[in-house]
Every structure is written in structure tokens, then in C-alpha cells.
Amino acid sequence: MKKVIKLTEVDLARIVKRVISEQNDQYDPDRLYKLASTIRRIEGSPNKFIHKYVKKLPKLKKEGSDEVWTKIPQVVWQNW
């Protein structure tokens, strides 16, 4: 006999987010991310706790690129 489990939209979103994050690379403090896309992702996050980190992100240059890069603090990585 199969069991039916009811999920809310929030539950389903949380499960999908967890599965995707587990498939992606683990947190790497030395990895560089594009600053503009990182800021958009943080500002689009429903977790208002991490919004304060936007102003604290370092602005870095990556060799061979004209774009501005940054490193993401672990606290932001874990909460988006």
C-alpha cells in the first residue's frame, strides 16, 4: 500500500533547494563569483538576514576578466 504525503509549496521548494545544493560543489571560501549576480541572488533571497552582507562583499579582479568578482562568506552561502 502506498502512502500519500502532502507537501506545501514551501516544503517542496525547500526540498528542491536542498537537492540542488547537495549536487553543486560544497562551500569553497576561495572560489570567486561574479559580484553583480551574487548581489542579485542575495537581494532576491527571502532570507532578509543575509541582505546586510551585500555591502560587505569584497570587490576583486580576476585575471583575464573585466568583470568584478567576489568571495561569498560562509554565512551567506548557508542561508540562501
# chains A, B, ... in the order shown; residues from 1 in each chain; ligands from 1
>>> select_by_dssp(residues="chain A", states="strand (DSSP E or B)", output="list in words")
Tyr33, Lys34, Leu60, Lys61, Val68, Trp69 and Thr70 of chain A
>>> write_last_selection(atoms="N, CA and C atoms", output="PDB file, in the first residue's frame")
ATOM      1  N   TYR A  33      33.058  34.468  -7.389  1.00  0.00           N
ATOM      2  CA  TYR A  33      31.733  34.559  -8.007  1.00  0.00           C
ATOM      3  C   TYR A  33      31.579  35.955  -8.598  1.00  0.00           C
ATOM      4  N   LYS A  34      30.808  36.076  -9.665  1.00  0.00           N
ATOM      5  CA  LYS A  34      30.560  37.391 -10.246  1.00  0.00           C
ATOM      6  C   LYS A  34      29.784  38.231  -9.242  1.00  0.00           C
ATOM      7  N   LEU A  60      36.810  42.151  -6.189  1.00  0.00           N
ATOM      8  CA  LEU A  60      38.073  41.570  -6.624  1.00  0.00           C
ATOM      9  C   LEU A  60      38.167  41.544  -8.145  1.00  0.00           C
ATOM     10  N   LYS A  61      39.380  41.570  -8.649  1.00  0.00           N
ATOM     11  CA  LYS A  61      39.637  41.430 -10.086  1.00  0.00           C
ATOM     12  C   LYS A  61      40.170  40.024 -10.337  1.00  0.00           C
ATOM     13  N   VAL A  68      33.828  42.376 -12.226  1.00  0.00           N
ATOM     14  CA  VAL A  68      34.192  42.434 -10.809  1.00  0.00           C
ATOM     15  C   VAL A  68      33.711  41.146 -10.157  1.00  0.00           C
ATOM     16  N   TRP A  69      34.564  40.546  -9.358  1.00  0.00           N
ATOM     17  CA  TRP A  69      34.292  39.266  -8.701  1.00  0.00           C
ATOM     18  C   TRP A  69      34.275  39.443  -7.199  1.00  0.00           C
ATOM     19  N   THR A  70      33.797  38.429  -6.497  1.00  0.00           N
ATOM     20  CA  THR A  70      33.756  38.480  -5.043  1.00  0.00           C
ATOM     21  C   THR A  70      33.888  37.076  -4.469  1.00  0.00           C
TER      22      THR A  70
END
>>> select_by_dssp(residues="chain A", states="alpha helix (DSSP H)", output="mmCIF file with N, CA and C atoms, in the first residue's frame")
data_model
loop_
_atom_site.group_PDB
_atom_site.id
_atom_site.type_symbol
_atom_site.label_atom_id
_atom_site.label_comp_id
_atom_site.auth_asym_id
_atom_site.auth_seq_id
_atom_site.Cartn_x
_atom_site.Cartn_y
_atom_site.Cartn_z
ATOM 1 N N GLU A 9 3.871 24.244 -0.778
ATOM 2 C CA GLU A 9 4.788 24.786 -1.781
ATOM 3 C C GLU A 9 6.141 25.120 -1.144
ATOM 4 N N VAL A 10 6.106 25.615 0.076
ATOM 5 C CA VAL A 10 7.342 25.958 0.791
ATOM 6 C C VAL A 10 8.164 24.698 1.055
ATOM 7 N N ASP A 11 7.504 23.620 1.475
ATOM 8 C CA ASP A 11 8.204 22.358 1.722
ATOM 9 C C ASP A 11 8.880 21.851 0.449
ATOM 10 N N LEU A 12 8.145 21.888 -0.651
ATOM 11 C CA LEU A 12 8.675 21.409 -1.917
ATOM 12 C C LEU A 12 9.857 22.270 -2.369
ATOM 13 N N ALA A 13 9.735 23.584 -2.231
ATOM 14 C CA ALA A 13 10.833 24.484 -2.607
ATOM 15 C C ALA A 13 12.071 24.196 -1.768
ATOM 16 N N ARG A 14 11.876 23.946 -0.481
ATOM 17 C CA ARG A 14 12.998 23.648 0.417
ATOM 18 C C ARG A 14 13.695 22.341 0.008
ATOM 19 N N ILE A 15 12.918 21.340 -0.347
ATOM 20 C CA ILE A 15 13.483 20.053 -0.760
ATOM 21 C C ILE A 15 14.274 20.210 -2.057
ATOM 22 N N VAL A 16 13.697 20.913 -3.023
ATOM 23 C CA VAL A 16 14.382 21.121 -4.299
ATOM 24 C C VAL A 16 15.675 21.895 -4.083
ATOM 25 N N LYS A 17 15.619 22.941 -3.271
ATOM 26 C CA LYS A 17 16.809 23.748 -2.984
ATOM 27 C C LYS A 17 17.891 22.891 -2.338
ATOM 28 N N ARG A 18 17.516 22.031 -1.411
ATOM 29 C CA ARG A 18 18.484 21.171 -0.730
ATOM 30 C C ARG A 18 19.119 20.179 -1.700
ATOM 31 N N VAL A 19 18.316 19.581 -2.566
ATOM 32 C CA VAL A 19 18.841 18.612 -3.534
ATOM 33 C C VAL A 19 19.814 19.297 -4.491
ATOM 34 N N ILE A 20 19.442 20.474 -4.981
ATOM 35 C CA ILE A 20 20.321 21.203 -5.893
ATOM 36 C C ILE A 20 21.615 21.582 -5.198
ATOM 37 N N SER A 21 21.518 22.070 -3.983
ATOM 38 C CA SER A 21 22.734 22.482 -3.268
ATOM 39 C C SER A 21 23.639 21.292 -2.974
ATOM 40 N N GLU A 22 23.068 20.130 -2.735
ATOM 41 C CA GLU A 22 23.881 18.950 -2.472
ATOM 42 C C GLU A 22 24.565 18.457 -3.741
ATOM 43 N N GLN A 23 23.973 18.733 -4.886
ATOM 44 C CA GLN A 23 24.575 18.325 -6.146
ATOM 45 C C GLN A 23 25.687 19.277 -6.567
ATOM 46 N N LEU A 35 30.287 39.429 -8.972
ATOM 47 C CA LEU A 35 29.703 40.291 -7.948
ATOM 48 C C LEU A 35 28.259 40.655 -8.269
ATOM 49 N N ALA A 36 27.989 41.059 -9.497
ATOM 50 C CA ALA A 36 26.641 41.508 -9.861
ATOM 51 C C ALA A 36 25.604 40.402 -9.670
ATOM 52 N N SER A 37 25.910 39.195 -10.121
ATOM 53 C CA SER A 37 24.932 38.100 -9.976
ATOM 54 C C SER A 37 24.796 37.673 -8.516
ATOM 55 N N THR A 38 25.880 37.778 -7.756
ATOM 56 C CA THR A 38 25.819 37.439 -6.333
ATOM 57 C C THR A 38 24.921 38.419 -5.594
ATOM 58 N N ILE A 39 25.063 39.699 -5.891
ATOM 59 C CA ILE A 39 24.220 40.710 -5.246
ATOM 60 C C ILE A 39 22.747 40.488 -5.605
ATOM 61 N N ARG A 40 22.462 40.208 -6.871
ATOM 62 C CA ARG A 40 21.066 39.942 -7.272
ATOM 63 C C ARG A 40 20.506 38.738 -6.523
ATOM 64 N N ARG A 41 21.317 37.697 -6.382
ATOM 65 C CA ARG A 41 20.845 36.488 -5.700
ATOM 66 C C ARG A 41 20.581 36.754 -4.219
ATOM 67 N N ILE A 42 21.463 37.508 -3.587
ATOM 68 C CA ILE A 42 21.268 37.831 -2.167
ATOM 69 C C ILE A 42 20.035 38.706 -1.985
ATOM 70 N N GLU A 43 19.901 39.741 -2.815
ATOM 71 C CA GLU A 43 18.766 40.647 -2.685
ATOM 72 C C GLU A 43 17.439 39.962 -3.015
ATOM 73 N N GLN A 74 30.715 32.306 4.271
ATOM 74 C CA GLN A 74 30.030 31.039 4.525
ATOM 75 C C GLN A 74 28.630 31.249 5.067
ATOM 76 N N VAL A 75 28.427 32.260 5.894
ATOM 77 C CA VAL A 75 27.102 32.501 6.465
ATOM 78 C C VAL A 75 26.081 32.827 5.376
ATOM 79 N N VAL A 76 26.513 33.497 4.328
ATOM 80 C CA VAL A 76 25.624 33.796 3.209
ATOM 81 C C VAL A 76 25.357 32.512 2.424
ATOM 82 N N TRP A 77 26.399 31.755 2.154
ATOM 83 C CA TRP A 77 26.278 30.503 1.405
ATOM 84 C C TRP A 77 25.250 29.571 2.059
ATOM 85 N N GLN A 78 25.288 29.466 3.362
ATOM 86 C CA GLN A 78 24.414 28.542 4.078
ATOM 87 C C GLN A 78 22.972 29.036 4.161
ATOM 88 N N ASN A 79 22.740 30.334 3.982
ATOM 89 C CA ASN A 79 21.407 30.874 4.192
ATOM 90 C C ASN A 79 20.703 31.352 2.937
#
>>> decode(residues="range 1-24 of chain A", atoms="N, CA and C atoms", output="short mmCIF file (atom, residue, chain, number, x, y, z; two decimals), in the first residue's frame")
data_model
loop_
_atom_site.label_atom_id
_atom_site.label_comp_id
_atom_site.auth_asym_id
_atom_site.auth_seq_id
_atom_site.Cartn_x
_atom_site.Cartn_y
_atom_site.Cartn_z
N MET A 1 0.84 -1.18 0.00
CA MET A 1 0.00 0.00 0.00
C MET A 1 0.89 1.25 0.00
N LYS A 2 0.55 2.20 -0.87
CA LYS A 2 1.33 3.43 -0.96
C LYS A 2 0.80 4.46 0.02
N LYS A 3 1.70 5.27 0.49
CA LYS A 3 1.34 6.31 1.44
C LYS A 3 1.36 7.66 0.74
N VAL A 4 0.36 8.47 0.95
CA VAL A 4 0.28 9.80 0.35
C VAL A 4 0.79 10.82 1.35
N ILE A 5 1.74 11.64 0.88
CA ILE A 5 2.30 12.68 1.72
C ILE A 5 1.94 14.02 1.10
N LYS A 6 1.37 14.90 1.89
CA LYS A 6 1.01 16.23 1.39
C LYS A 6 2.13 17.20 1.72
N LEU A 7 2.55 17.95 0.71
CA LEU A 7 3.60 18.95 0.88
C LEU A 7 3.06 20.33 0.52
N THR A 8 3.49 21.30 1.27
CA THR A 8 3.16 22.67 0.91
C THR A 8 4.16 23.13 -0.15
N GLU A 9 3.87 24.24 -0.78
CA GLU A 9 4.79 24.79 -1.78
C GLU A 9 6.14 25.12 -1.14
N VAL A 10 6.11 25.61 0.08
CA VAL A 10 7.34 25.96 0.79
C VAL A 10 8.16 24.70 1.06
N ASP A 11 7.50 23.62 1.48
CA ASP A 11 8.20 22.36 1.72
C ASP A 11 8.88 21.85 0.45
N LEU A 12 8.15 21.89 -0.65
CA LEU A 12 8.67 21.41 -1.92
C LEU A 12 9.86 22.27 -2.37
N ALA A 13 9.74 23.58 -2.23
CA ALA A 13 10.83 24.48 -2.61
C ALA A 13 12.07 24.20 -1.77
N ARG A 14 11.88 23.95 -0.48
CA ARG A 14 13.00 23.65 0.42
C ARG A 14 13.69 22.34 0.01
N ILE A 15 12.92 21.34 -0.35
CA ILE A 15 13.48 20.05 -0.76
C ILE A 15 14.27 20.21 -2.06
N VAL A 16 13.70 20.91 -3.02
CA VAL A 16 14.38 21.12 -4.30
C VAL A 16 15.68 21.90 -4.08
N LYS A 17 15.62 22.94 -3.27
CA LYS A 17 16.81 23.75 -2.98
C LYS A 17 17.89 22.89 -2.34
N ARG A 18 17.52 22.03 -1.41
CA ARG A 18 18.48 21.17 -0.73
C ARG A 18 19.12 20.18 -1.70
N VAL A 19 18.32 19.58 -2.57
CA VAL A 19 18.84 18.61 -3.53
C VAL A 19 19.81 19.30 -4.49
N ILE A 20 19.44 20.47 -4.98
CA ILE A 20 20.32 21.20 -5.89
C ILE A 20 21.62 21.58 -5.20
N SER A 21 21.52 22.07 -3.98
CA SER A 21 22.73 22.48 -3.27
C SER A 21 23.64 21.29 -2.97
N GLU A 22 23.07 20.13 -2.73
CA GLU A 22 23.88 18.95 -2.47
C GLU A 22 24.56 18.46 -3.74
N GLN A 23 23.97 18.73 -4.89
CA GLN A 23 24.58 18.32 -6.15
C GLN A 23 25.69 19.28 -6.57
N ASN A 24 25.58 20.52 -6.17
CA ASN A 24 26.60 21.52 -6.51
C ASN A 24 27.83 21.32 -5.64
#
